[in-house]
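> Starting off with a structure, shown below.
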Amino acid sequence: MKNYGLNELREMFLSFFESKGHLRLPSFSLVPQGDKSLLLINSGMAPMKPWFTGEQKPPRLRVTTCQKCVRTGDIENIGKTARHGTYFEMLGNFSFGDYFKSEAIAFCWEFLTEVVGMEPELLYPSVYEQDDDAFEIWNKEIGIPAEKITRLGKGDNFWEHGAGPCGPCSEVYYDRGVEYGCDSPDCGPGCDCDRYIEIWNNVFTQFDNDGRNNYTELKQKNIDTGMGLERLAVVCQGVDSLFDVDTVMNITNHISRLTGAKYGESHKNDVSLRIITDHTRASVMLISDGVLPSNEGRGYVLRRLLRRAARHGRLLGTSDTFLHEVAQTVIGENVGAYPELRERESHITRVIRTEEENFNKTLGNGLDILNGVIASLDGATVIPGEDAFRLYDTYGFPIDLTIELAEEKNLTVDTDKFNDLMKQQRERAREARKALGDLGWEGFDFGADNTPTEFVGYDKAYTDAKITAIIVDGELVDALQQGDEGIVVLDKTTLYAEMGGQVGDKGSLLIHDVVNFKQDAQFNVGDTQKTKGGKYLHHGVLETGTLKLGDEVEVVYDGDRRNAIRRAHSATHLLHAALRKVLGDHVTQAGSLVEPDSLRFDFTHFQALSPQELRQVEAVVSGWILLGSTVTVREMPLEEAKTLGATALFGEKYGDTVRVVSVSGKPFTAGSEISEPLSIEFCGGTHLDNTAKVGSFRINAEFSVASGVRRIEAVTGHAAISAANADRTTLGELTATLKVSSASELAPRIEQLNAELRELRRAVEAASAKAAVGEADSLLAGAVAVGNVRVIAAKVAASSADDLRTLGDALRDKDASVVAVLTGQGDGKLSFLAVCGKDAVAAGVRAGDVIKHVTAICGGSGGGKPDSAMGGGKDVTKLDDALASVAEFVKGKVK
């Protein structure tokens with residue numbers, strides 16, 4: 001079996017199932033969409049529950065994914081053993097009523113034995129004890145002897161994870177050898193030791209669990225396969241644990257360089273290194289998917305992971321922030337599969353660094369207090385709950401960290417008392433603030449019986465409203481003074497809050513002095529947000545006057561900006577429809593951002609659009625704009641909207657009444673009805689009443705944001721006009737620079753210049769090759785004989801890798817017995833080339849071995865083929881030592 005890298009295995013799996021008719025989808029977000037039973041996505045099938053239950057229609061009956069997963073149930077064990085991890089990737093192939101047990105088992109066996117190349121004799125299937133069908137398939141169809149098939153009970157071979165689809169399963173175990181075993185005579189698949197490792201789990205999803213262990217038969221029989229990517233890599237790479245596979249170990253090695261702690265030197269350090277590695281991997285993925293550190297829910301999971309990792313960095317001797325640097329390696333190791341990590345890198349590292357800086361302050365103060373508490377116990381072994389609560393409430397010291405530190409000193413914490421004090425605090429806060437209701441903010445608990453802000457801004461530009469709350473620096477206040485920044489909550493508003501991909505409105509809150517015809521107060525709203533409880537938060541600055549709780553204000557949105565947003569939002573719907581028209585009905589929305597005269601649209605498609613396709617999409621949208629079609633907005637029952645064919649976003653939950661935006665398929669005429677709409681979608685955003693008002697539409701870019709997801713960035717209205725003017729200016733500058741009379745002559749002129757450039761390059765390459773032959777003669781004249789080979793180790797004046805290769809090829813062509821190491825230096829970095837003639841290779845010298853030897857001396861690495869290899873080095877001061885060692889190294893290799 002070949003030693004495949006983790007990233008290779010991921011692609012091999014997904015490509016294999018694509019060849020079997022499966023639709024490859026990108027990983028879903030770690031944040032569950034519309035599933036309150038889960039805090040975080042913890043399995044490959046979790047985001048697909050609506051497809052398994054039949055509640056929603058999947059994009060195809062066969063799907064394959066590599067899903068990011070986080071499980072934190074055993075976070076205390078992370079690091080203590082090498083078997084546990086919070087973050088992992090789950091490979092999966094899924095069938096929604098298409099194929100079932102026979103095909104699923106056959107796919108599994110083919111991938112493991114023929115694609116990956118695992119030895120069939122080392123694979124052991126298991127089945128649910130009552131599943132005779134699966135047993136027969138393994139025995140009769142695949143040909144596995146009956147004695148190699150293990151029947152296991154519900155605890156092992158019946159898959160369920162909370163509420164949702166579930167069913168019997170069939171696992172495949174790999175025998176790693178007796179050295180991993182427990183020496184028990186009963187050791188076999190299902191044993192808790194490390195010999196038989198489960199690598200594949202075929203779940204035959206037949207039932208739905210309502211969360212209370214009540215099972216009902218699903219409408220369709222489905223397949224849900226789960227195979228841990230890291231676990232597969234453990235087997236293929238022949239390493240001991242998930243922390244030893246290539247991409248994960250690269251992260252650990254970076255931590256070692258930052259902290260000075262070497263993996264494998266001590267159990268204590270290994271625990272800390274594993275914790276930092278695992279927790280940073282999980283944190284990077286959580287932040288990338290929109291989770292931020294907080295004291296509740298998934299935000300608390302993230303905060304706990306980061307702070308636990310930071311503390312173990314202190315245990316390894318580092319006092320500076322360092323996790324943001326580790327995060328960069330995590331991103332580098334995963335960006336191939338998750339390119340969005342690079343786009344969000346600055347955000348991810350900033351969040352991690354800020355959280356670690358804040359924790360440094362918390363840790364210093366909290367540790368001093370905690371050590372004082374421990375010193376005062378006077379032989380007692382339980383830290384009082386009152387002290388643990390004071391550490392949390394006053395100093396922000398997490399209770400789980402108090403518990404962990406106590407365990408290290410063989411102490412416990414009175415968590416019952418702590419929880420009781422936390423409950424009392426919440427009740428006091430609720431009573432003090434219940435009059436204002438729930439703002440949906442972290443740390444705010446305003447009760448559940450408050451009335452949401454009424455939004456009246458679809459049809460009105462302004463309205464009168466009453467101030468129901470004012471917030472400054474996270475605290476409730478009674479008034480704002482001139483110059484104050486704050487948040488104003490109203491009983492109703494015309495300002496649209498950010499949601500559904502559309503940015504929030506800007507505008508003003510005004511108090512008029514009607515007697516003196518002037519304004520008493522003006523609050524400039526820079527952003528509008530909406531809480532889960534329906535409160536609209538108007539963020540801004542009080543320009544003049546005073547605002548007080550209970551004041552009546554006039555609410556006015558920025559009309560020009562709103563119109564620009566309308567143009568972009570209506571154009572987004574047209575773009576969606578155009579993509580489906582040009583590319584096919586498989587196109588579905590995967591995300592969007594609507595800003596003034598600017599839009600970003602993510603959609604499912606599995607290859608880059610050609611220039612012709614982009615032009616066609618742009619032309620279709622522009623044609624619909626020129627058509628002057630009516631845009632109609634209606635509220636209707638959900639079922640009626642579905643009957644009309646309205647497009648809904650996957651993962652979104654809708655009430656009984658929905659808002660539907662339709663674009664007519666014919667130009668506006670008075671009294672006309674909408675028929676055969678160009679576009680009909682569920683949407684709560686703001687729109688134009690006619691497509692002609694979009695003005696103009698222009699696609700600026702199209703690119704990939706994830707596997708199977710493309711992104712188009714486009715502009716409308718004034719922004720599209722500005723872009724056209726900028727292009728006109730650029731074309732004018734180019735025609736002047738290239739001395740042509742019109743833009744139509746630019747392409748031929750550029751091709752002419754390219755042809756001239758190619759000819760010059762050929763001349764330079766010919767001259768370089770001629771010079772290399774001369775330099776090769778000079779180097780060969782100084783070669784040192786080592787046995788039957790001639791050794792050269794020299795610094796040369798090569799300015800690029802290509803120059804090194806040209807010179808190396810010349811040496812190899814001139815002397816089949818040559819072993820040459822050439823080095824060039826640029827930008828403070830060393831480049832090495834090793835070449836071996838065919839006689840030198842026959843004599844036992846390999847260029848790859850030579851390059852690894854010399855680059856290692858200079859703190860670098862390299863590799864290649866037996867006759868040619870390249871590498872790099874970092875330590876220029878070791879260059880002479882590296883070159884001087886070549887002859888002796890070759891001497892040890894020559895047969």
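Chains: A, B, ... in order of the structure tokens. Residues: from 1 per chain. Ligands: from 1, in order shown.
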Can you pull out every residue within 12 Å of range 576-579 of chain A, counting only C-alpha atoms, but drop anything in the same chain fewer than 4 positions away, and send it as a PDB file with N, CA, C and O atoms, in the first residue's frame?


```
ATOM      1  N   HIS A 569     -29.777  44.253  -5.779  1.00  0.00           N
ATOM      2  CA  HIS A 569     -30.520  43.075  -5.321  1.00  0.00           C
ATOM      3  C   HIS A 569     -31.401  42.515  -6.443  1.00  0.00           C
ATOM      4  O   HIS A 569     -31.435  41.296  -6.671  1.00  0.00           O
ATOM      5  N   SER A 570     -32.095  43.367  -7.151  1.00  0.00           N
ATOM      6  CA  SER A 570     -32.909  42.875  -8.266  1.00  0.00           C
ATOM      7  C   SER A 570     -32.021  42.252  -9.342  1.00  0.00           C
ATOM      8  O   SER A 570     -32.380  41.227  -9.944  1.00  0.00           O
ATOM      9  N   ALA A 571     -30.851  42.844  -9.574  1.00  0.00           N
ATOM     10  CA  ALA A 571     -29.915  42.272 -10.549  1.00  0.00           C
ATOM     11  C   ALA A 571     -29.408  40.906 -10.092  1.00  0.00           C
ATOM     12  O   ALA A 571     -29.132  40.025 -10.916  1.00  0.00           O
ATOM     13  N   THR A 572     -29.287  40.710  -8.774  1.00  0.00           N
ATOM     14  CA  THR A 572     -28.860  39.413  -8.253  1.00  0.00           C
ATOM     15  C   THR A 572     -29.860  38.328  -8.630  1.00  0.00           C
ATOM     16  O   THR A 572     -29.483  37.215  -9.028  1.00  0.00           O
ATOM     17  N   LEU A 583     -26.311  27.728 -17.815  1.00  0.00           N
ATOM     18  CA  LEU A 583     -25.523  26.579 -17.349  1.00  0.00           C
ATOM     19  C   LEU A 583     -26.361  25.349 -17.041  1.00  0.00           C
ATOM     20  O   LEU A 583     -25.871  24.223 -17.114  1.00  0.00           O
ATOM     21  N   GLY A 584     -27.610  25.549 -16.605  1.00  0.00           N
ATOM     22  CA  GLY A 584     -28.454  24.413 -16.275  1.00  0.00           C
ATOM     23  C   GLY A 584     -29.107  24.559 -14.923  1.00  0.00           C
ATOM     24  O   GLY A 584     -28.721  25.390 -14.093  1.00  0.00           O
ATOM     25  N   ASP A 585     -30.109  23.695 -14.685  1.00  0.00           N
ATOM     26  CA  ASP A 585     -30.891  23.802 -13.451  1.00  0.00           C
ATOM     27  C   ASP A 585     -30.157  23.323 -12.210  1.00  0.00           C
ATOM     28  O   ASP A 585     -30.675  23.459 -11.094  1.00  0.00           O
ATOM     29  N   HIS A 586     -28.966  22.756 -12.391  1.00  0.00           N
ATOM     30  CA  HIS A 586     -28.198  22.336 -11.205  1.00  0.00           C
ATOM     31  C   HIS A 586     -27.676  23.547 -10.429  1.00  0.00           C
ATOM     32  O   HIS A 586     -27.269  23.411  -9.267  1.00  0.00           O
ATOM     33  N   VAL A 587     -27.664  24.713 -11.051  1.00  0.00           N
ATOM     34  CA  VAL A 587     -27.164  25.922 -10.389  1.00  0.00           C
ATOM     35  C   VAL A 587     -28.121  26.318  -9.264  1.00  0.00           C
ATOM     36  O   VAL A 587     -29.320  26.502  -9.492  1.00  0.00           O
ATOM     37  N   THR A 588     -27.592  26.417  -8.058  1.00  0.00           N
ATOM     38  CA  THR A 588     -28.364  26.919  -6.929  1.00  0.00           C
ATOM     39  C   THR A 588     -27.528  27.933  -6.161  1.00  0.00           C
ATOM     40  O   THR A 588     -26.292  27.889  -6.186  1.00  0.00           O
ATOM     41  N   GLN A 589     -28.217  28.834  -5.490  1.00  0.00           N
ATOM     42  CA  GLN A 589     -27.521  29.872  -4.737  1.00  0.00           C
ATOM     43  C   GLN A 589     -26.819  29.274  -3.522  1.00  0.00           C
ATOM     44  O   GLN A 589     -27.394  28.491  -2.782  1.00  0.00           O
ATOM     45  N   ALA A 590     -25.556  29.642  -3.325  1.00  0.00           N
ATOM     46  CA  ALA A 590     -24.789  29.170  -2.174  1.00  0.00           C
ATOM     47  C   ALA A 590     -24.380  30.318  -1.261  1.00  0.00           C
ATOM     48  O   ALA A 590     -23.651  30.107  -0.297  1.00  0.00           O
ATOM     49  N   GLY A 591     -24.851  31.510  -1.556  1.00  0.00           N
ATOM     50  CA  GLY A 591     -24.510  32.673  -0.736  1.00  0.00           C
ATOM     51  C   GLY A 591     -24.552  33.927  -1.575  1.00  0.00           C
ATOM     52  O   GLY A 591     -24.465  33.868  -2.807  1.00  0.00           O
ATOM     53  N   SER A 592     -24.697  35.074  -0.929  1.00  0.00           N
ATOM     54  CA  SER A 592     -24.701  36.328  -1.689  1.00  0.00           C
ATOM     55  C   SER A 592     -24.366  37.486  -0.765  1.00  0.00           C
ATOM     56  O   SER A 592     -24.485  37.383   0.464  1.00  0.00           O
ATOM     57  N   LEU A 599     -22.648  43.555  -6.196  1.00  0.00           N
ATOM     58  CA  LEU A 599     -23.172  42.277  -5.724  1.00  0.00           C
ATOM     59  C   LEU A 599     -22.120  41.185  -5.860  1.00  0.00           C
ATOM     60  O   LEU A 599     -21.219  41.245  -6.704  1.00  0.00           O
ATOM     61  N   ARG A 600     -22.261  40.215  -4.973  1.00  0.00           N
ATOM     62  CA  ARG A 600     -21.420  39.016  -5.002  1.00  0.00           C
ATOM     63  C   ARG A 600     -22.365  37.829  -4.913  1.00  0.00           C
ATOM     64  O   ARG A 600     -23.193  37.768  -4.003  1.00  0.00           O
ATOM     65  N   PHE A 601     -22.256  36.889  -5.838  1.00  0.00           N
ATOM     66  CA  PHE A 601     -23.197  35.770  -5.890  1.00  0.00           C
ATOM     67  C   PHE A 601     -22.430  34.460  -5.965  1.00  0.00           C
ATOM     68  O   PHE A 601     -21.650  34.234  -6.888  1.00  0.00           O
ATOM     69  N   ASP A 602     -22.617  33.590  -4.963  1.00  0.00           N
ATOM     70  CA  ASP A 602     -22.003  32.269  -4.929  1.00  0.00           C
ATOM     71  C   ASP A 602     -23.031  31.246  -5.408  1.00  0.00           C
ATOM     72  O   ASP A 602     -24.200  31.289  -4.997  1.00  0.00           O
ATOM     73  N   PHE A 603     -22.586  30.304  -6.225  1.00  0.00           N
ATOM     74  CA  PHE A 603     -23.528  29.334  -6.787  1.00  0.00           C
ATOM     75  C   PHE A 603     -22.831  27.999  -7.039  1.00  0.00           C
ATOM     76  O   PHE A 603     -21.599  27.927  -7.166  1.00  0.00           O
ATOM     77  N   THR A 604     -23.625  26.953  -7.067  1.00  0.00           N
ATOM     78  CA  THR A 604     -23.081  25.613  -7.275  1.00  0.00           C
ATOM     79  C   THR A 604     -22.836  25.386  -8.767  1.00  0.00           C
ATOM     80  O   THR A 604     -23.748  25.467  -9.583  1.00  0.00           O
ATOM     81  N   HIS A 605     -21.601  25.113  -9.080  1.00  0.00           N
ATOM     82  CA  HIS A 605     -21.194  24.760 -10.441  1.00  0.00           C
ATOM     83  C   HIS A 605     -19.788  24.193 -10.322  1.00  0.00           C
ATOM     84  O   HIS A 605     -19.018  24.613  -9.455  1.00  0.00           O
ATOM     85  N   LEU A 609     -16.432  29.158 -15.521  1.00  0.00           N
ATOM     86  CA  LEU A 609     -17.191  29.565 -16.699  1.00  0.00           C
ATOM     87  C   LEU A 609     -16.224  30.029 -17.778  1.00  0.00           C
ATOM     88  O   LEU A 609     -15.242  30.739 -17.496  1.00  0.00           O
ATOM     89  N   GLU A 613     -19.328  31.803 -21.923  1.00  0.00           N
ATOM     90  CA  GLU A 613     -20.442  31.641 -20.992  1.00  0.00           C
ATOM     91  C   GLU A 613     -20.663  32.910 -20.171  1.00  0.00           C
ATOM     92  O   GLU A 613     -21.806  33.320 -19.925  1.00  0.00           O
ATOM     93  N   LEU A 614     -19.566  33.537 -19.737  1.00  0.00           N
ATOM     94  CA  LEU A 614     -19.700  34.779 -18.982  1.00  0.00           C
ATOM     95  C   LEU A 614     -20.353  35.867 -19.816  1.00  0.00           C
ATOM     96  O   LEU A 614     -21.236  36.601 -19.340  1.00  0.00           O
ATOM     97  N   ARG A 615     -19.931  35.973 -21.078  1.00  0.00           N
ATOM     98  CA  ARG A 615     -20.531  36.978 -21.950  1.00  0.00           C
ATOM     99  C   ARG A 615     -22.015  36.676 -22.172  1.00  0.00           C
ATOM    100  O   ARG A 615     -22.855  37.590 -22.232  1.00  0.00           O
ATOM    101  N   GLN A 616     -22.334  35.382 -22.279  1.00  0.00           N
ATOM    102  CA  GLN A 616     -23.726  35.000 -22.504  1.00  0.00           C
ATOM    103  C   GLN A 616     -24.583  35.341 -21.291  1.00  0.00           C
ATOM    104  O   GLN A 616     -25.689  35.871 -21.418  1.00  0.00           O
ATOM    105  N   VAL A 617     -24.070  35.040 -20.086  1.00  0.00           N
ATOM    106  CA  VAL A 617     -24.805  35.359 -18.856  1.00  0.00           C
ATOM    107  C   VAL A 617     -25.023  36.865 -18.759  1.00  0.00           C
ATOM    108  O   VAL A 617     -26.130  37.334 -18.468  1.00  0.00           O
ATOM    109  N   GLU A 618     -23.972  37.631 -18.990  1.00  0.00           N
ATOM    110  CA  GLU A 618     -24.071  39.087 -18.914  1.00  0.00           C
ATOM    111  C   GLU A 618     -25.073  39.616 -19.943  1.00  0.00           C
ATOM    112  O   GLU A 618     -25.874  40.522 -19.646  1.00  0.00           O
ATOM    113  N   ALA A 619     -25.061  39.028 -21.131  1.00  0.00           N
ATOM    114  CA  ALA A 619     -25.980  39.469 -22.182  1.00  0.00           C
ATOM    115  C   ALA A 619     -27.430  39.146 -21.822  1.00  0.00           C
ATOM    116  O   ALA A 619     -28.338  39.946 -22.088  1.00  0.00           O
ATOM    117  N   VAL A 620     -27.660  37.975 -21.222  1.00  0.00           N
ATOM    118  CA  VAL A 620     -29.020  37.598 -20.833  1.00  0.00           C
ATOM    119  C   VAL A 620     -29.549  38.577 -19.787  1.00  0.00           C
ATOM    120  O   VAL A 620     -30.685  39.061 -19.878  1.00  0.00           O
ATOM    121  N   VAL A 621     -28.737  38.868 -18.757  1.00  0.00           N
ATOM    122  CA  VAL A 621     -29.162  39.810 -17.725  1.00  0.00           C
ATOM    123  C   VAL A 621     -29.436  41.184 -18.336  1.00  0.00           C
ATOM    124  O   VAL A 621     -30.461  41.815 -18.052  1.00  0.00           O
ATOM    125  N   SER A 622     -28.539  41.649 -19.184  1.00  0.00           N
ATOM    126  CA  SER A 622     -28.716  42.975 -19.797  1.00  0.00           C
ATOM    127  C   SER A 622     -29.971  43.010 -20.658  1.00  0.00           C
ATOM    128  O   SER A 622     -30.692  44.022 -20.694  1.00  0.00           O
ATOM    129  N   GLY A 623     -30.259  41.895 -21.344  1.00  0.00           N
ATOM    130  CA  GLY A 623     -31.462  41.834 -22.159  1.00  0.00           C
ATOM    131  C   GLY A 623     -32.723  41.941 -21.317  1.00  0.00           C
ATOM    132  O   GLY A 623     -33.690  42.625 -21.701  1.00  0.00           O
ATOM    133  N   TRP A 624     -32.719  41.276 -20.179  1.00  0.00           N
ATOM    134  CA  TRP A 624     -33.880  41.347 -19.287  1.00  0.00           C
ATOM    135  C   TRP A 624     -34.036  42.754 -18.692  1.00  0.00           C
ATOM    136  O   TRP A 624     -35.152  43.204 -18.443  1.00  0.00           O
ATOM    137  N   ILE A 625     -32.918  43.410 -18.435  1.00  0.00           N
ATOM    138  CA  ILE A 625     -32.993  44.798 -17.941  1.00  0.00           C
ATOM    139  C   ILE A 625     -33.649  45.685 -19.005  1.00  0.00           C
ATOM    140  O   ILE A 625     -34.560  46.468 -18.716  1.00  0.00           O
ATOM    141  N   ALA A 646     -41.424  28.940  -6.545  1.00  0.00           N
ATOM    142  CA  ALA A 646     -40.491  29.908  -5.954  1.00  0.00           C
ATOM    143  C   ALA A 646     -39.259  29.186  -5.426  1.00  0.00           C
ATOM    144  O   ALA A 646     -39.357  28.137  -4.781  1.00  0.00           O
ATOM    145  N   THR A 647     -38.088  29.759  -5.697  1.00  0.00           N
ATOM    146  CA  THR A 647     -36.818  29.176  -5.269  1.00  0.00           C
ATOM    147  C   THR A 647     -36.546  29.540  -3.818  1.00  0.00           C
ATOM    148  O   THR A 647     -36.578  30.716  -3.441  1.00  0.00           O
ATOM    149  N   SER A 662     -41.066  38.305  -7.719  1.00  0.00           N
ATOM    150  CA  SER A 662     -41.193  37.759  -9.073  1.00  0.00           C
ATOM    151  C   SER A 662     -40.777  38.801 -10.093  1.00  0.00           C
ATOM    152  O   SER A 662     -41.082  39.984  -9.946  1.00  0.00           O
ATOM    153  N   VAL A 663     -40.082  38.338 -11.131  1.00  0.00           N
ATOM    154  CA  VAL A 663     -39.752  39.196 -12.265  1.00  0.00           C
ATOM    155  C   VAL A 663     -40.500  38.663 -13.473  1.00  0.00           C
ATOM    156  O   VAL A 663     -40.339  37.504 -13.871  1.00  0.00           O
ATOM    157  N   SER A 664     -41.329  39.502 -14.069  1.00  0.00           N
ATOM    158  CA  SER A 664     -42.179  39.093 -15.193  1.00  0.00           C
ATOM    159  C   SER A 664     -41.344  38.736 -16.406  1.00  0.00           C
ATOM    160  O   SER A 664     -40.255  39.279 -16.630  1.00  0.00           O
ATOM    161  N   GLY A 665     -41.894  37.828 -17.202  1.00  0.00           N
ATOM    162  CA  GLY A 665     -41.205  37.431 -18.423  1.00  0.00           C
ATOM    163  C   GLY A 665     -41.566  38.275 -19.622  1.00  0.00           C
ATOM    164  O   GLY A 665     -41.217  37.957 -20.745  1.00  0.00           O
ATOM    165  N   PRO A 677     -42.785  33.701 -15.187  1.00  0.00           N
ATOM    166  CA  PRO A 677     -41.791  34.649 -14.662  1.00  0.00           C
ATOM    167  C   PRO A 677     -40.365  34.252 -15.027  1.00  0.00           C
ATOM    168  O   PRO A 677     -40.039  33.070 -15.118  1.00  0.00           O
ATOM    169  N   LEU A 678     -39.532  35.253 -15.254  1.00  0.00           N
ATOM    170  CA  LEU A 678     -38.103  35.006 -15.453  1.00  0.00           C
ATOM    171  C   LEU A 678     -37.481  34.494 -14.165  1.00  0.00           C
ATOM    172  O   LEU A 678     -36.570  33.669 -14.182  1.00  0.00           O
ATOM    173  N   SER A 679     -37.958  35.037 -13.060  1.00  0.00           N
ATOM    174  CA  SER A 679     -37.390  34.693 -11.757  1.00  0.00           C
ATOM    175  C   SER A 679     -38.501  34.772 -10.723  1.00  0.00           C
ATOM    176  O   SER A 679     -39.324  35.686 -10.754  1.00  0.00           O
ATOM    177  N   ILE A 680     -38.512  33.799  -9.799  1.00  0.00           N
ATOM    178  CA  ILE A 680     -39.445  33.859  -8.686  1.00  0.00           C
ATOM    179  C   ILE A 680     -38.758  33.228  -7.487  1.00  0.00           C
ATOM    180  O   ILE A 680     -38.396  32.052  -7.508  1.00  0.00           O
ATOM    181  N   GLU A 681     -38.515  34.034  -6.454  1.00  0.00           N
ATOM    182  CA  GLU A 681     -37.721  33.590  -5.315  1.00  0.00           C
ATOM    183  C   GLU A 681     -38.334  34.063  -4.000  1.00  0.00           C
ATOM    184  O   GLU A 681     -38.952  35.126  -3.943  1.00  0.00           O
ATOM    185  N   ARG A 710     -18.786  28.385  -7.204  1.00  0.00           N
ATOM    186  CA  ARG A 710     -18.176  29.488  -7.932  1.00  0.00           C
ATOM    187  C   ARG A 710     -18.726  30.807  -7.402  1.00  0.00           C
ATOM    188  O   ARG A 710     -19.772  30.835  -6.733  1.00  0.00           O
ATOM    189  N   ARG A 711     -18.050  31.884  -7.697  1.00  0.00           N
ATOM    190  CA  ARG A 711     -18.492  33.211  -7.273  1.00  0.00           C
ATOM    191  C   ARG A 711     -18.403  34.180  -8.451  1.00  0.00           C
ATOM    192  O   ARG A 711     -17.407  34.189  -9.187  1.00  0.00           O
ATOM    193  N   ILE A 712     -19.458  34.968  -8.588  1.00  0.00           N
ATOM    194  CA  ILE A 712     -19.451  36.069  -9.568  1.00  0.00           C
ATOM    195  C   ILE A 712     -19.550  37.383  -8.796  1.00  0.00           C
ATOM    196  O   ILE A 712     -20.375  37.512  -7.885  1.00  0.00           O
TER     197      ILE A 712
END
```

> List as a list in words the protein and nucleic acid residues near range 304-311 of chain A, meaning an atom at most 6 Å away when only C-alpha atoms are counted, but skip any in the same chain fewer than 3 places from it.

Ile276, His279, Tyr300, Val301 and Arg314 of chain A

> With C-alpha atoms retained, export the selected residues as a PDB file, in the first residue's frame.


```
ATOM      1  CA  ILE A 276      -2.414  23.147  20.799  1.00  0.00           C
ATOM      2  CA  HIS A 279      -7.490  23.135  19.217  1.00  0.00           C
ATOM      3  CA  TYR A 300     -17.983  29.496  24.070  1.00  0.00           C
ATOM      4  CA  VAL A 301     -16.705  26.297  22.463  1.00  0.00           C
ATOM      5  CA  ARG A 314       2.475  28.867  28.565  1.00  0.00           C
TER       6      ARG A 314
END
```

> Counting only C-alpha atoms, figure out which residue out of A:Leu341, A:Ser126, A:Val172, A:Val503 gets nearest to Arg151 in chain A.

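The closest residue to Arg151 in chain A is A:Ser126.
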
> Using the chain letters and numbers from this document, which residues of range 466-540 of chain A does DSSP assign to strand (DSSP E or B), as a ChimeraX atom specification?

/A:466-472,475-477,479-480,485-490,492-493,499,502,507-513,518-530,536-540

> DSSP on the backbone, then: every residue of range 191-435 of chain A marked helix (DSSP H, G or I), written as an MDAnalysis selection string.

chainID A and resid 229:237 242:244 246:259 267:288 297:315 323:334 340:343 345:375 385:395 399:408 415:433

> With distances taken over only C-alpha atoms, which of A:Ser27, A:Leu476, A:Gly177, A:Val203 is nearest to Asp131 in chain A?

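Answer, going by the shortest atom-to-atom distance: A:Val203.
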
> Take CA of Thr716 in chain A and CA of Ala564 in chain A and report the distance between them in Å, one decimal.

8.0 Å

> List as a CSV table (one decimal) with all heavy atoms, in the first residue's frame the protein and nucleic acid residues near Val633 in chain A, meaning an atom at most 7 Å away when only C-alpha atoms are counted, but skip any in the same chain fewer than 4 places from it.


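File written: out_4.csv
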```csv
chain,number,residue,atom,x,y,z
A,659,ARG,N,-42.6,35.9,1.8
A,659,ARG,CA,-42.5,37.0,0.8
A,659,ARG,C,-41.8,36.5,-0.4
A,659,ARG,O,-40.7,36.0,-0.4
A,659,ARG,CB,-41.7,38.2,1.5
A,659,ARG,CG,-41.7,39.5,0.7
A,659,ARG,CD,-41.1,40.6,1.6
A,659,ARG,NE,-41.2,41.9,1.0
A,659,ARG,CZ,-40.2,42.4,0.2
A,659,ARG,NH1,-39.1,41.7,0.0
A,659,ARG,NH2,-40.3,43.6,-0.3
A,660,VAL,N,-42.5,36.7,-1.6
A,660,VAL,CA,-42.0,36.2,-2.9
A,660,VAL,C,-41.8,37.4,-3.8
A,660,VAL,O,-42.7,38.2,-4.0
A,660,VAL,CB,-43.0,35.2,-3.4
A,660,VAL,CG1,-42.6,34.8,-4.8
A,660,VAL,CG2,-43.2,34.0,-2.5
A,661,VAL,N,-40.6,37.4,-4.4
A,661,VAL,CA,-40.2,38.4,-5.4
A,661,VAL,C,-40.2,37.8,-6.8
A,661,VAL,O,-39.5,36.8,-7.0
A,661,VAL,CB,-38.9,39.0,-5.1
A,661,VAL,CG1,-38.5,40.0,-6.2
A,661,VAL,CG2,-38.9,39.7,-3.8
A,662,SER,N,-41.1,38.3,-7.7
A,662,SER,CA,-41.2,37.8,-9.1
A,662,SER,C,-40.8,38.8,-10.1
A,662,SER,O,-41.1,40.0,-9.9
A,662,SER,CB,-42.6,37.3,-9.4
A,662,SER,OG,-43.1,36.4,-8.4
```

> So that I can see what lies close to Ile41 in chain A, please list as a PyMOL selection string the residues with an atom at most 7 Å from it, counting only C-alpha atoms and leaving out residues fewer than 5 positions away in the same chain.

chain A and resi 30-32+46+69-70

> Would you compute the distance between CA of Val835 in chain A and CA of Leu760 in chain A? Give it in Å to one decimal.

28.6 Å

> Could you check how far CA of Asn360 in chain A sits from CA of Asp393 in chain A, in Å to one decimal?

16.9 Å

> Could you list, with a cut-off of 12 Å and counting only C-alpha atoms, the residues of range 329-350 of chain A near range 245-249 of chain A, each shown with its nearest atom pair and the distance in Å rounded to one decimal, rows sorted by chain and ascending number, as a tab-separated table?


```
residue	atom	partner	partner_atom	distance
A:Thr329	CA	A:Thr247	CA	9.3
A:Val330	CA	A:Val248	CA	8.3
A:Ile331	CA	A:Thr247	CA	10.6
A:Gly332	CA	A:Thr247	CA	9.4
A:Glu333	CA	A:Thr247	CA	5.9
A:Asn334	CA	A:Thr247	CA	8.2
A:Val335	CA	A:Thr247	CA	11.4
A:Gly336	CA	A:Thr247	CA	11.8
```
